[in-house]
>>> print(open('model25.txt').read())   # compact mmCIF, C-alpha atoms
# COMPACT_ATOMS: atom_id res chain seq x y z
CA MET A 608 0.00 0.00 0.00
CA SER A 609 1.53 3.30 -1.01
CA ALA A 610 1.61 6.43 1.08
CA PRO A 611 -1.03 9.07 0.48
CA PRO A 612 0.22 12.23 -1.21
CA SER A 613 1.58 15.02 0.93
CA PRO A 614 -0.72 17.99 1.42
CA GLY A 615 -0.27 21.32 -0.29
CA ARG A 616 -1.97 23.94 -2.43
CA PRO A 617 -1.88 23.36 -6.19
CA GLY A 618 0.95 25.22 -7.85
CA VAL A 619 2.54 26.41 -4.61
CA VAL A 620 6.08 25.40 -3.68
CA VAL A 621 6.31 24.90 0.08
CA PRO A 622 9.94 25.02 1.28
CA ALA A 623 11.15 23.04 4.24
CA GLN A 624 10.67 24.86 7.53
CA VAL A 625 13.66 26.89 8.72
CA ASP A 626 14.67 25.90 12.24
CA PRO A 627 17.06 27.96 14.37
CA GLY A 628 20.58 26.68 13.78
CA SER A 629 19.86 25.43 10.26
CA ALA A 630 21.95 26.36 7.25
CA ASP A 631 19.15 28.67 6.06
CA ALA A 632 18.61 30.51 9.33
CA PRO A 633 20.00 34.05 9.13
CA GLN A 634 21.01 34.06 12.79
CA ARG A 635 23.25 31.00 12.44
CA ARG A 636 26.81 31.63 13.64
CA ARG A 637 29.21 29.76 11.41
CA ASP A 638 32.00 29.84 13.99
CA LEU A 639 30.09 27.67 16.47
CA PRO A 640 31.51 24.16 16.93
CA ARG A 641 29.41 21.39 15.40
CA CYS A 642 29.19 17.96 16.99
CA SER A 643 29.19 16.21 13.60
CA ASP A 644 32.36 18.03 12.53
CA ASP A 645 34.08 17.06 15.77
CA ALA A 646 32.92 13.43 15.49
CA ARG A 647 34.32 13.16 11.98
CA ARG A 648 37.66 14.58 13.11
CA ARG A 649 37.72 12.05 15.98
CA CYS A 650 36.62 9.22 13.64
CA ASP A 651 33.89 8.19 16.07
CA PRO A 652 32.74 4.64 15.26
CA LEU A 653 29.24 4.47 13.76
CA GLY A 654 28.48 0.85 14.46
CA ALA A 655 25.91 -0.40 16.98
CA THR A 656 24.43 3.05 17.67
CA ALA A 657 20.89 2.53 16.35
CA ALA A 658 17.87 2.88 18.63
CA TRP A 659 16.33 -0.47 19.66
CA THR A 660 12.77 -0.11 18.38
CA ARG A 661 10.10 -2.54 17.16
CA ARG A 662 7.47 -0.10 15.91
CA TRP A 663 7.22 3.52 14.82
CA LEU A 664 4.32 5.91 14.54
CA LEU A 665 5.01 8.54 11.90
CA VAL A 666 2.79 11.63 12.11
CA GLU A 667 2.91 14.15 9.28
CA HIS A 668 3.47 17.63 10.70
CA PRO A 669 5.02 20.54 8.73
CA GLY A 670 6.78 22.13 11.70
CA PRO A 671 8.65 24.05 12.82
CA TRP A 672 9.50 21.36 15.36
CA ALA A 673 10.36 22.24 18.95
CA PRO A 674 13.29 20.48 20.67
CA ASP A 675 10.63 18.05 21.94
CA ALA A 676 8.89 17.65 18.60
CA LEU A 677 5.69 15.98 19.82
CA GLY A 678 5.50 18.18 22.91
CA GLY A 679 5.65 21.31 20.75
CA SER A 680 3.35 19.99 18.02
CA GLY A 681 0.23 21.88 19.13
CA LEU A 682 -1.70 18.64 19.65
CA PRO A 683 -3.77 18.47 22.85
CA ALA A 684 -1.70 17.30 25.81
CA ALA A 685 -4.00 14.33 26.47
CA LEU A 686 -3.63 13.16 22.87
CA GLN A 687 0.14 13.55 23.03
CA GLN A 688 0.19 11.35 26.13
CA ARG A 689 -2.07 8.81 24.42
CA LEU A 690 0.39 8.54 21.54
CA ARG A 691 3.39 8.29 23.86
CA ASP A 692 1.72 5.58 25.97
CA ALA A 693 0.70 3.58 22.89
CA ALA A 694 4.23 3.77 21.49
CA ALA A 695 5.78 2.71 24.80
CA ALA A 696 3.42 -0.26 25.10
CA ALA A 697 4.34 -1.38 21.57
CA GLY A 698 8.10 -1.01 22.13
CA GLY A 699 8.10 1.88 19.70
CA ARG A 700 8.46 5.61 19.30
CA VAL A 701 6.70 8.57 17.68
CA LEU A 702 8.37 10.59 14.93
CA LEU A 703 7.05 13.70 13.21
CA VAL A 704 7.62 13.74 9.46
CA ARG A 705 7.26 16.23 6.64
CA ARG A 706 8.03 16.34 2.96
CA PRO A 707 11.34 17.99 2.01
CA ALA A 708 11.45 20.84 -0.49
CA VAL A 709 12.65 19.98 -3.98
CA ARG A 710 14.53 22.72 -5.74
CA GLY A 711 13.08 23.79 -9.05
CA GLY A 712 9.69 22.21 -8.48
CA ALA A 713 6.88 21.42 -6.10
CA ALA A 714 7.41 19.39 -3.00
CA PRO A 715 6.55 15.69 -3.46
CA GLY A 716 2.81 15.14 -3.51
CA GLN A 717 1.91 18.71 -4.44
CA GLY A 718 0.16 19.81 -7.58
CA PRO A 719 -3.30 19.48 -9.11
CA GLY A 720 -5.54 17.16 -7.17
CA ALA A 721 -3.53 17.33 -3.93
CA PRO A 722 -5.65 17.12 -0.78
CA SER A 723 -6.38 19.99 1.56
CA PRO A 724 -3.46 21.20 3.70
CA ALA A 725 -5.50 20.04 6.70
CA THR A 726 -5.32 16.39 5.58
CA ARG A 727 -2.15 14.76 6.83
CA ALA A 728 -0.83 11.24 6.86
CA TRP A 729 0.16 8.89 9.63
CA ALA A 730 1.85 5.51 9.37
CA VAL A 731 2.51 2.62 11.72
CA VAL A 732 5.70 0.76 10.80
CA ASP A 733 6.47 -2.71 12.16
CA GLU A 734 10.11 -3.82 11.88
CA PRO A 735 9.68 -7.54 12.71
CA THR A 736 7.14 -8.14 9.91
CA GLY A 737 8.34 -5.41 7.55
CA LEU A 738 4.84 -3.97 7.17
CA VAL A 739 3.61 -0.38 6.95
CA ARG A 740 0.02 0.75 7.54
CA TRP A 741 -1.09 4.22 6.40
CA GLY A 742 -3.94 6.39 7.59
CA ALA A 743 -4.93 10.06 7.68
CA TRP A 744 -5.85 12.69 10.24
CA ASP A 745 -7.44 16.10 9.95
CA ALA A 746 -5.19 18.87 11.25
CA GLY A 747 -7.83 21.59 10.81
CA ALA A 748 -8.77 21.37 14.47
CA ALA A 749 -5.14 21.74 15.54
CA HIS A 750 -5.08 25.40 14.59
CA PRO A 751 -4.78 27.56 17.73
CA ASP A 752 -8.09 29.31 16.88
CA ALA A 753 -9.91 25.98 16.75
CA LEU A 754 -8.41 23.99 19.60
CA GLY A 755 -10.73 25.25 22.28
CA ALA A 756 -13.62 26.31 20.11
CA ASP A 757 -15.63 23.26 19.29
CA ALA A 758 -15.75 19.72 20.64
CA ALA A 759 -16.77 18.38 17.23
CA GLU A 760 -13.66 19.93 15.70
CA ARG A 761 -11.48 18.34 18.38
CA GLY A 762 -13.24 15.05 17.70
CA ARG A 763 -12.21 15.18 14.04
CA LEU A 764 -8.61 15.59 15.14
CA ASP A 765 -8.82 12.84 17.73
CA ALA A 766 -10.46 10.32 15.41
CA GLY A 767 -7.53 10.05 13.00
CA LEU A 768 -4.76 9.95 15.59
CA GLU A 769 -6.76 7.75 17.98
CA GLU A 770 -6.93 5.26 15.12
CA ALA A 771 -3.16 5.58 14.76
CA ALA A 772 -2.67 4.96 18.49
CA ARG A 773 -4.83 1.83 18.30
CA ALA A 774 -2.97 0.61 15.21
CA LEU A 775 0.30 0.75 17.16
CA GLY A 776 -0.92 -2.11 19.33
CA GLU A 777 -2.59 -4.19 16.62
CA PRO A 778 -1.12 -6.78 14.25
CA LEU A 779 -0.70 -5.56 10.68
CA VAL A 780 -2.13 -7.69 7.88
CA GLU A 781 -0.37 -7.56 4.52
CA GLY A 782 -2.66 -6.63 1.67
CA ALA A 783 -5.65 -5.88 3.88
CA ASP A 784 -4.34 -2.72 5.50
CA ALA A 785 -0.55 -2.78 5.13
CA GLY A 786 2.19 -3.00 2.54
CA ARG A 787 5.97 -3.14 2.28
CA ASP A 788 6.87 0.05 0.41
CA PRO A 789 10.19 1.43 1.72
CA LEU A 790 10.43 4.74 3.56
CA LEU A 791 13.51 6.97 3.65
CA LEU A 792 13.53 9.20 6.73
CA VAL A 793 16.27 11.84 7.03
CA CYS A 794 16.59 13.57 10.39
CA ALA A 795 16.31 17.34 9.83
CA HIS A 796 15.39 18.36 13.37
CA GLY A 797 17.38 21.58 13.63
CA ARG A 798 15.98 22.71 16.97
CA HIS A 799 17.12 19.46 18.53
CA ASP A 800 20.59 19.68 16.99
CA ALA A 801 21.81 22.12 14.37
CA CYS A 802 23.84 19.43 12.58
CA CYS A 803 20.64 17.60 11.68
CA ALA A 804 19.39 20.60 9.71
CA VAL A 805 22.72 21.70 8.26
CA ARG A 806 23.66 18.24 7.02
CA GLY A 807 20.26 16.56 6.83
CA ARG A 808 18.26 18.88 4.60
CA PRO A 809 20.53 18.65 1.52
CA VAL A 810 20.49 14.85 1.78
CA ALA A 811 16.70 14.79 2.14
CA ALA A 812 16.32 16.99 -0.93
CA ALA A 813 18.66 14.79 -2.96
CA LEU A 814 16.82 11.61 -1.99
CA ALA A 815 13.44 13.24 -2.65
CA ALA A 816 14.51 14.11 -6.18
CA ARG A 817 15.31 10.42 -6.78
CA TRP A 818 12.68 8.68 -4.60
CA PRO A 819 9.95 11.33 -4.11
CA ALA A 820 7.21 9.05 -2.78
CA ALA A 821 9.48 7.38 -0.22
CA THR A 822 11.40 10.35 1.21
CA TRP A 823 10.51 12.37 4.31
CA GLU A 824 12.30 14.63 6.73
CA CYS A 825 11.82 13.43 10.30
CA SER A 826 12.31 14.53 13.88
CA HIS A 827 15.12 13.34 16.15
CA VAL A 828 16.27 9.72 15.67
CA GLY A 829 19.41 9.84 17.84
CA GLY A 830 23.12 9.98 17.09
CA ASP A 831 23.27 13.70 16.29
CA ARG A 832 27.05 13.58 15.86
CA PHE A 833 26.61 11.15 12.97
CA ALA A 834 24.45 13.61 11.00
CA PRO A 835 23.07 13.36 8.50
CA ASN A 836 21.17 10.34 9.80
CA LEU A 837 19.06 8.22 7.49
CA LEU A 838 16.52 5.68 8.76
CA VAL A 839 15.30 3.15 6.18
CA LEU A 840 11.98 1.59 7.14
CA PRO A 841 10.47 -0.91 7.58
CA ASP A 842 13.90 -2.59 7.84
CA GLY A 843 14.92 -0.41 10.77
CA ALA A 844 18.36 0.31 9.27
CA TYR A 845 20.16 3.43 10.51
CA TYR A 846 22.87 5.06 8.38
CA GLY A 847 25.07 8.03 9.22
CA ASP A 848 28.05 10.17 8.17
CA LEU A 849 26.53 10.71 4.73
CA ASP A 850 26.53 13.37 2.05
CA THR A 851 24.28 13.78 -0.99
CA ALA A 852 26.34 11.44 -3.19
CA SER A 853 26.95 8.70 -0.64
CA ALA A 854 23.30 8.78 0.52
CA GLU A 855 22.04 7.90 -2.95
CA GLY A 856 24.50 5.03 -3.18
CA VAL A 857 23.53 3.76 0.28
CA VAL A 858 19.84 3.74 -0.64
CA GLU A 859 20.50 2.04 -3.98
CA ASP A 860 22.49 -0.70 -2.26
CA HIS A 861 20.01 -1.08 0.58
CA LEU A 862 17.03 -1.47 -1.75
CA ALA A 863 19.00 -3.97 -3.83
CA GLY A 864 19.86 -6.07 -0.75
CA ARG A 865 23.61 -5.45 -0.93
CA VAL A 866 24.26 -3.42 2.20
CA SER A 867 27.76 -2.10 2.83
CA THR A 868 28.71 -1.50 6.45
CA ARG A 869 30.67 1.73 5.78
CA HIS A 870 27.76 3.99 6.75
CA LEU A 871 25.63 1.46 8.67
CA ARG A 872 24.97 2.51 12.27
CA GLY A 873 23.00 -0.66 12.98
CA THR A 874 19.47 -2.00 12.89
CA SER A 875 16.64 -1.47 15.33
CA SER A 876 16.08 -5.20 15.95
CA GLY A 877 18.28 -5.52 19.02
CA PRO A 878 20.55 -3.91 21.64
CA PRO A 879 24.07 -2.69 20.80
CA ALA A 880 25.78 -6.08 21.23
CA VAL A 881 23.35 -7.66 18.76
CA GLN A 882 23.76 -4.79 16.32
CA ALA A 883 27.54 -5.15 16.45
CA ALA A 884 27.25 -8.88 15.79
CA VAL A 885 24.99 -8.35 12.77
CA ILE A 886 27.33 -5.70 11.39
CA GLY A 887 30.25 -8.09 11.88
CA VAL A 888 28.54 -10.83 9.86
CA LEU A 889 27.51 -8.43 7.10
CA ASP A 890 31.03 -7.05 6.96
CA ARG A 891 32.66 -10.50 6.83
CA TYR A 892 30.26 -12.37 4.54
CA GLY A 893 28.21 -9.69 2.75
CA PRO A 894 27.08 -7.73 0.94
CA ALA A 895 23.58 -8.84 1.85
CA SER A 896 20.28 -7.45 3.05
CA VAL A 897 20.04 -6.40 6.69
CA ARG A 898 17.12 -8.83 6.94
CA ASP A 899 19.44 -11.70 5.96
CA ALA A 900 21.09 -11.50 9.41
CA ARG A 901 19.12 -11.90 12.65
CA GLY A 902 20.95 -11.81 15.96
CA GLY A 903 20.05 -13.85 19.03
CA ARG A 904 20.37 -13.06 22.72
CA PRO A 905 23.84 -11.86 23.82
CA VAL A 906 25.58 -14.27 26.22
CA PRO A 907 28.18 -12.75 28.58
CA VAL A 908 31.62 -14.38 28.22
CA GLY A 909 33.67 -11.95 30.30
CA ARG A 910 33.82 -8.37 31.37
CA ASP A 911 32.46 -6.22 28.54
CA ARG A 912 32.38 -9.24 26.18
CA TRP A 913 29.47 -11.23 24.74
CA GLU A 914 28.88 -14.01 22.25
CA VAL A 915 25.96 -13.59 19.87
CA GLU A 916 24.60 -16.18 17.46
CA VAL A 917 23.56 -14.70 14.12
CA ARG A 918 21.29 -16.70 11.85
CA GLY A 919 21.74 -15.94 8.19
CA THR A 920 19.87 -16.36 4.93
CA GLY A 921 20.73 -15.54 1.34
CA PRO A 922 24.52 -15.26 0.87
CA LEU A 923 25.24 -15.39 4.62
CA PRO A 924 26.18 -18.50 6.62
CA ALA A 925 23.22 -20.25 8.22
CA LEU A 926 24.73 -19.71 11.68
CA SER A 927 27.62 -17.55 12.79
CA VAL A 928 29.01 -16.95 16.28
CA VAL A 929 30.26 -13.45 16.96
CA THR A 930 32.29 -12.20 19.91
CA VAL A 931 31.46 -8.58 20.71
CA GLU A 932 33.59 -6.34 22.90
CA ARG A 933 32.60 -3.06 24.54
CA THR A 934 35.10 -0.25 24.98
CA ARG A 935 34.71 3.39 25.95
CA ARG A 936 35.82 6.49 24.10
CA PRO A 937 37.51 9.46 25.79
CA PRO A 938 35.08 12.10 27.06
CA ALA A 939 33.80 14.36 24.29
CA ARG A 940 30.96 16.72 23.47
CA LEU A 941 28.53 14.36 21.73
CA THR A 942 25.77 16.77 20.66
CA CYS A 943 25.63 20.46 19.81
CA ARG A 944 23.19 21.02 22.71
CA ALA A 945 25.22 19.05 25.27
CA PRO A 946 26.13 21.08 28.38
CA GLY A 947 29.42 19.21 28.70
CA GLU A 948 31.43 16.15 27.74
CA ALA A 949 30.25 12.55 28.01
CA VAL A 950 31.69 9.07 27.46
CA ALA A 951 30.39 7.01 24.54
CA ALA A 952 30.44 3.20 24.64
CA VAL A 953 31.58 1.38 21.50
CA HIS A 954 30.46 -2.17 20.67
CA GLU A 955 32.51 -3.97 18.02
CA ALA A 956 32.71 -7.50 16.64
CA VAL A 957 36.21 -8.76 17.46
CA ASP A 958 35.72 -12.32 16.20
CA VAL A 959 33.28 -13.69 13.59
CA ARG A 960 33.21 -17.41 12.80
CA VAL A 961 30.87 -19.91 11.17
CA ALA A 962 29.32 -22.27 13.72
CA GLU A 963 30.36 -25.89 13.35
>>> encode(input="model25.txt", output="C-alpha cells")
Amino acid sequence: MSAPPSPGRPGVVVPAQVDPGSADAPQRRRDLPRCSDDARRRCDPLGATAAWTRRWLLVEHPGPWAPDALGGSGLPAALQQRLRDAAAAAGGRVLLVRRPAVRGGAAPGQGPGAPSPATRAWAVVDEPTGLVRWGAWDAGAAHPDALGADAAERGRLDAGLEEAARALGEPLVEGADAGRDPLLLVCAHGRHDACCAVRGRPVAAALAARWPAATWECSHVGGDRFAPNLLVLPDGAYYGDLDTASAEGVVEDHLAGRVSTRHLRGTSSGPPAVQAAVIGVLDRYGPASVRDARGGRPVPVGRDRWEVEVRGTGPLPALSVVTVERTRRPPARLTCRAPGEAVAAVHEAVDVRVAE
C-alpha cells in the first residue's frame, strides 16, 4: 500500500521549515563548533548506535518542530500522552515527518488534485514483519483558533490519531491494510541539533529528487554527531556520516539487498551487542540485506564481552558466532546542545566465525 500524497496547495512550492541553527537561518553563527564536525575529526565509530525499536508511529506535521517535537506539536496534551503511551506499550516511538522541499519544483505530492493542507498522513511501521500501515488525520482542528472552540472539531482531530494509536498495538495484515513500500527518513530536526538541519536537509532533498514518494524529513532519531542520519523503514536500518552522493548510493544498495557496512549505524532489531554482531557478519560475509542477518540473545563471556549467534539467509552462513567487545571512548561533546562532555560506549565484533 503506497503512502497518500503530501498535502499542499496546487501550484505552490512549500519550502522546508527553517529551524534555528539550520543552514538557512540568518542568525546561524558559522564559527560555532558542530558535533558532527568534531565526530568526523575524531573518527567516532558508527556501528551499533541505532535505537532499539520494534514499531514507529510517523505523524505528518510541517513544523517548525520544537526540541521536543511531539511536545511542541500543538496537539492536545491528552492526545500527546495517548500517543506516547501507545508507542511505549508497543516497544516503539513517535516521529514527526514532513516532505522535504525539492529545488526547481513542487514538493513531493503537491500539484493538481492534492488534498487539503488540513489532511495529513500517519503511518505505523512494524520492523519484525516489515509492514507499513497508512492512515490520515485532519489537522484543521489543531489550529490555535480551533483547539478550544468546538468539541466536534477536536473530535475530528482525535479520530484520526486515535486510530493511529490503536494501530500501534494491533497486528498488521499484509494486503488488507498494510504493505511493504520502503520509507527513507532523514533527520532534519534543527531545533534538537543544528547538525541535523545543516547536514540533513541537503540529503533529504537529494533523496526526494530520486525517490519522491518514499522520502521524508523526520524529527530526532538519535546519534546527532553522525548527522546526516538516514533511517530506512520498515527494515529499521540506521545510516550516518553521509553526504548527498553517498546517501544515494547507500539507498541504492540497501534497496537492492547489498548493504555495505561503511555507513551502517546498525538496525533497530536488538541492543548494541546484537547490532555489532549483525554488522560483523555483514562485513565479513556480505554484501547482503540487513534482513538476511538476525541476531540472538547476547551471552556474557567476560567483562564487557558477549557471544551472539547470528542466523543468516541468502549469501550469509546459516549460523555464525560473533564475539562482541565493549570499549569506551575518551570524554567528548557528543551533541551540539550538550552542556558538557560525556563518554560514549563502542560495541565492536572482534571475532566472527561460522558455527560448526
>>> residues_around(input="model25.txt", residues="His861 of chain A", least_positions_apart="6", cutoff="12 Å", atoms="only C-alpha atoms", output="PyMOL selection string")
chain A and resi 789-791+837-846+854-855+867-868+870-871+894-899
>>> closest_residue(input="model25.txt", among="A:Gly678, A:Pro835, A:Gly919, A:Gly864", to="Leu702 of chain A", atoms="only C-alpha atoms")
A:Gly678
>>> atom_distance(input="model25.txt", atom1="atom CA of Arg808 of chain A", atom2="atom CA of Ala646 of chain A")
19.1 Å
>>> closest_residue(input="model25.txt", among="A:Arg727, A:Arg960, A:His799, A:Arg935", to="Ser826 of chain A", atoms="only C-alpha atoms")
A:His799
>>> residues_around(input="model25.txt", residues="Arg691 of chain A", least_positions_apart="2", cutoff="12 Å", atoms="only C-alpha atoms", output="PyMOL selection string")
chain A and resi 663-664+677-678+684-689+693-702+768-769+771-773+775
>>> residues_around(input="model25.txt", residues="Arg901 of chain A", least_positions_apart="4", cutoff="10 Å", atoms="all atoms listed in the file", output="PDB file with C-alpha atoms, keeping the file's coordinate frame")
ATOM      1  CA  THR A 874      19.470  -2.000  12.890  1.00  0.00           C
ATOM      2  CA  SER A 876      16.080  -5.200  15.950  1.00  0.00           C
ATOM      3  CA  GLY A 877      18.280  -5.520  19.020  1.00  0.00           C
ATOM      4  CA  VAL A 881      23.350  -7.660  18.760  1.00  0.00           C
ATOM      5  CA  GLN A 882      23.760  -4.790  16.320  1.00  0.00           C
ATOM      6  CA  ALA A 884      27.250  -8.880  15.790  1.00  0.00           C
ATOM      7  CA  VAL A 885      24.990  -8.350  12.770  1.00  0.00           C
ATOM      8  CA  VAL A 888      28.540 -10.830   9.860  1.00  0.00           C
ATOM      9  CA  VAL A 897      20.040  -6.400   6.690  1.00  0.00           C
ATOM     10  CA  GLU A 916      24.600 -16.180  17.460  1.00  0.00           C
ATOM     11  CA  VAL A 917      23.560 -14.700  14.120  1.00  0.00           C
ATOM     12  CA  ARG A 918      21.290 -16.700  11.850  1.00  0.00           C
ATOM     13  CA  GLY A 919      21.740 -15.940   8.190  1.00  0.00           C
ATOM     14  CA  THR A 920      19.870 -16.360   4.930  1.00  0.00           C
ATOM     15  CA  LEU A 926      24.730 -19.710  11.680  1.00  0.00           C
TER      16      LEU A 926
END
>>> residues_around(input="model25.txt", residues="Trp741 of chain A", least_positions_apart="6", cutoff="12 Å", atoms="all atoms listed in the file", output="PyMOL selection string")
chain A and resi 608-612+663-667+727-733+767-768+770-771+774-775+779+781-788+790
>>> write_last_selection(input="model25.txt", atoms="C-alpha atoms", output="JSON list (two decimals), in the coordinates of the input")
[["chain", "number", "residue", "atom", "x", "y", "z"],
["A", 608, "MET", "CA", 0.00, 0.00, 0.00],
["A", 609, "SER", "CA", 1.53, 3.30, -1.01],
["A", 610, "ALA", "CA", 1.61, 6.43, 1.08],
["A", 611, "PRO", "CA", -1.03, 9.07, 0.48],
["A", 612, "PRO", "CA", 0.22, 12.23, -1.21],
["A", 663, "TRP", "CA", 7.22, 3.52, 14.82],
["A", 664, "LEU", "CA", 4.32, 5.91, 14.54],
["A", 665, "LEU", "CA", 5.01, 8.54, 11.90],
["A", 666, "VAL", "CA", 2.79, 11.63, 12.11],
["A", 667, "GLU", "CA", 2.91, 14.15, 9.28],
["A", 727, "ARG", "CA", -2.15, 14.76, 6.83],
["A", 728, "ALA", "CA", -0.83, 11.24, 6.86],
["A", 729, "TRP", "CA", 0.16, 8.89, 9.63],
["A", 730, "ALA", "CA", 1.85, 5.51, 9.37],
["A", 731, "VAL", "CA", 2.51, 2.62, 11.72],
["A", 732, "VAL", "CA", 5.70, 0.76, 10.80],
["A", 733, "ASP", "CA", 6.47, -2.71, 12.16],
["A", 767, "GLY", "CA", -7.53, 10.05, 13.00],
["A", 768, "LEU", "CA", -4.76, 9.95, 15.59],
["A", 770, "GLU", "CA", -6.93, 5.26, 15.12],
["A", 771, "ALA", "CA", -3.16, 5.58, 14.76],
["A", 774, "ALA", "CA", -2.97, 0.61, 15.21],
["A", 775, "LEU", "CA", 0.30, 0.75, 17.16],
["A", 779, "LEU", "CA", -0.70, -5.56, 10.68],
["A", 781, "GLU", "CA", -0.37, -7.56, 4.52],
["A", 782, "GLY", "CA", -2.66, -6.63, 1.67],
["A", 783, "ALA", "CA", -5.65, -5.88, 3.88],
["A", 784, "ASP", "CA", -4.34, -2.72, 5.50],
["A", 785, "ALA", "CA", -0.55, -2.78, 5.13],
["A", 786, "GLY", "CA", 2.19, -3.00, 2.54],
["A", 787, "ARG", "CA", 5.97, -3.14, 2.28],
["A", 788, "ASP", "CA", 6.87, 0.05, 0.41],
["A", 790, "LEU", "CA", 10.43, 4.74, 3.56]]
>>> atom_distance(input="model25.txt", atom1="atom CA of Glu824 of chain A", atom2="atom CA of Cys943 of chain A")
19.6 Å
>>> residues_around(input="model25.txt", residues="Trp823 of chain A", least_positions_apart="6", cutoff="9 Å", atoms="only C-alpha atoms", output="list in words")
Val704, Arg705, Arg706, Pro707, Leu790, Leu791, Leu792, Val793, Cys794, Ala811, Leu814 and Ala815 of chain A
>>> atom_distance(input="model25.txt", atom1="atom CA of Glu914 of chain A", atom2="atom CA of Arg649 of chain A")
28.2 Å
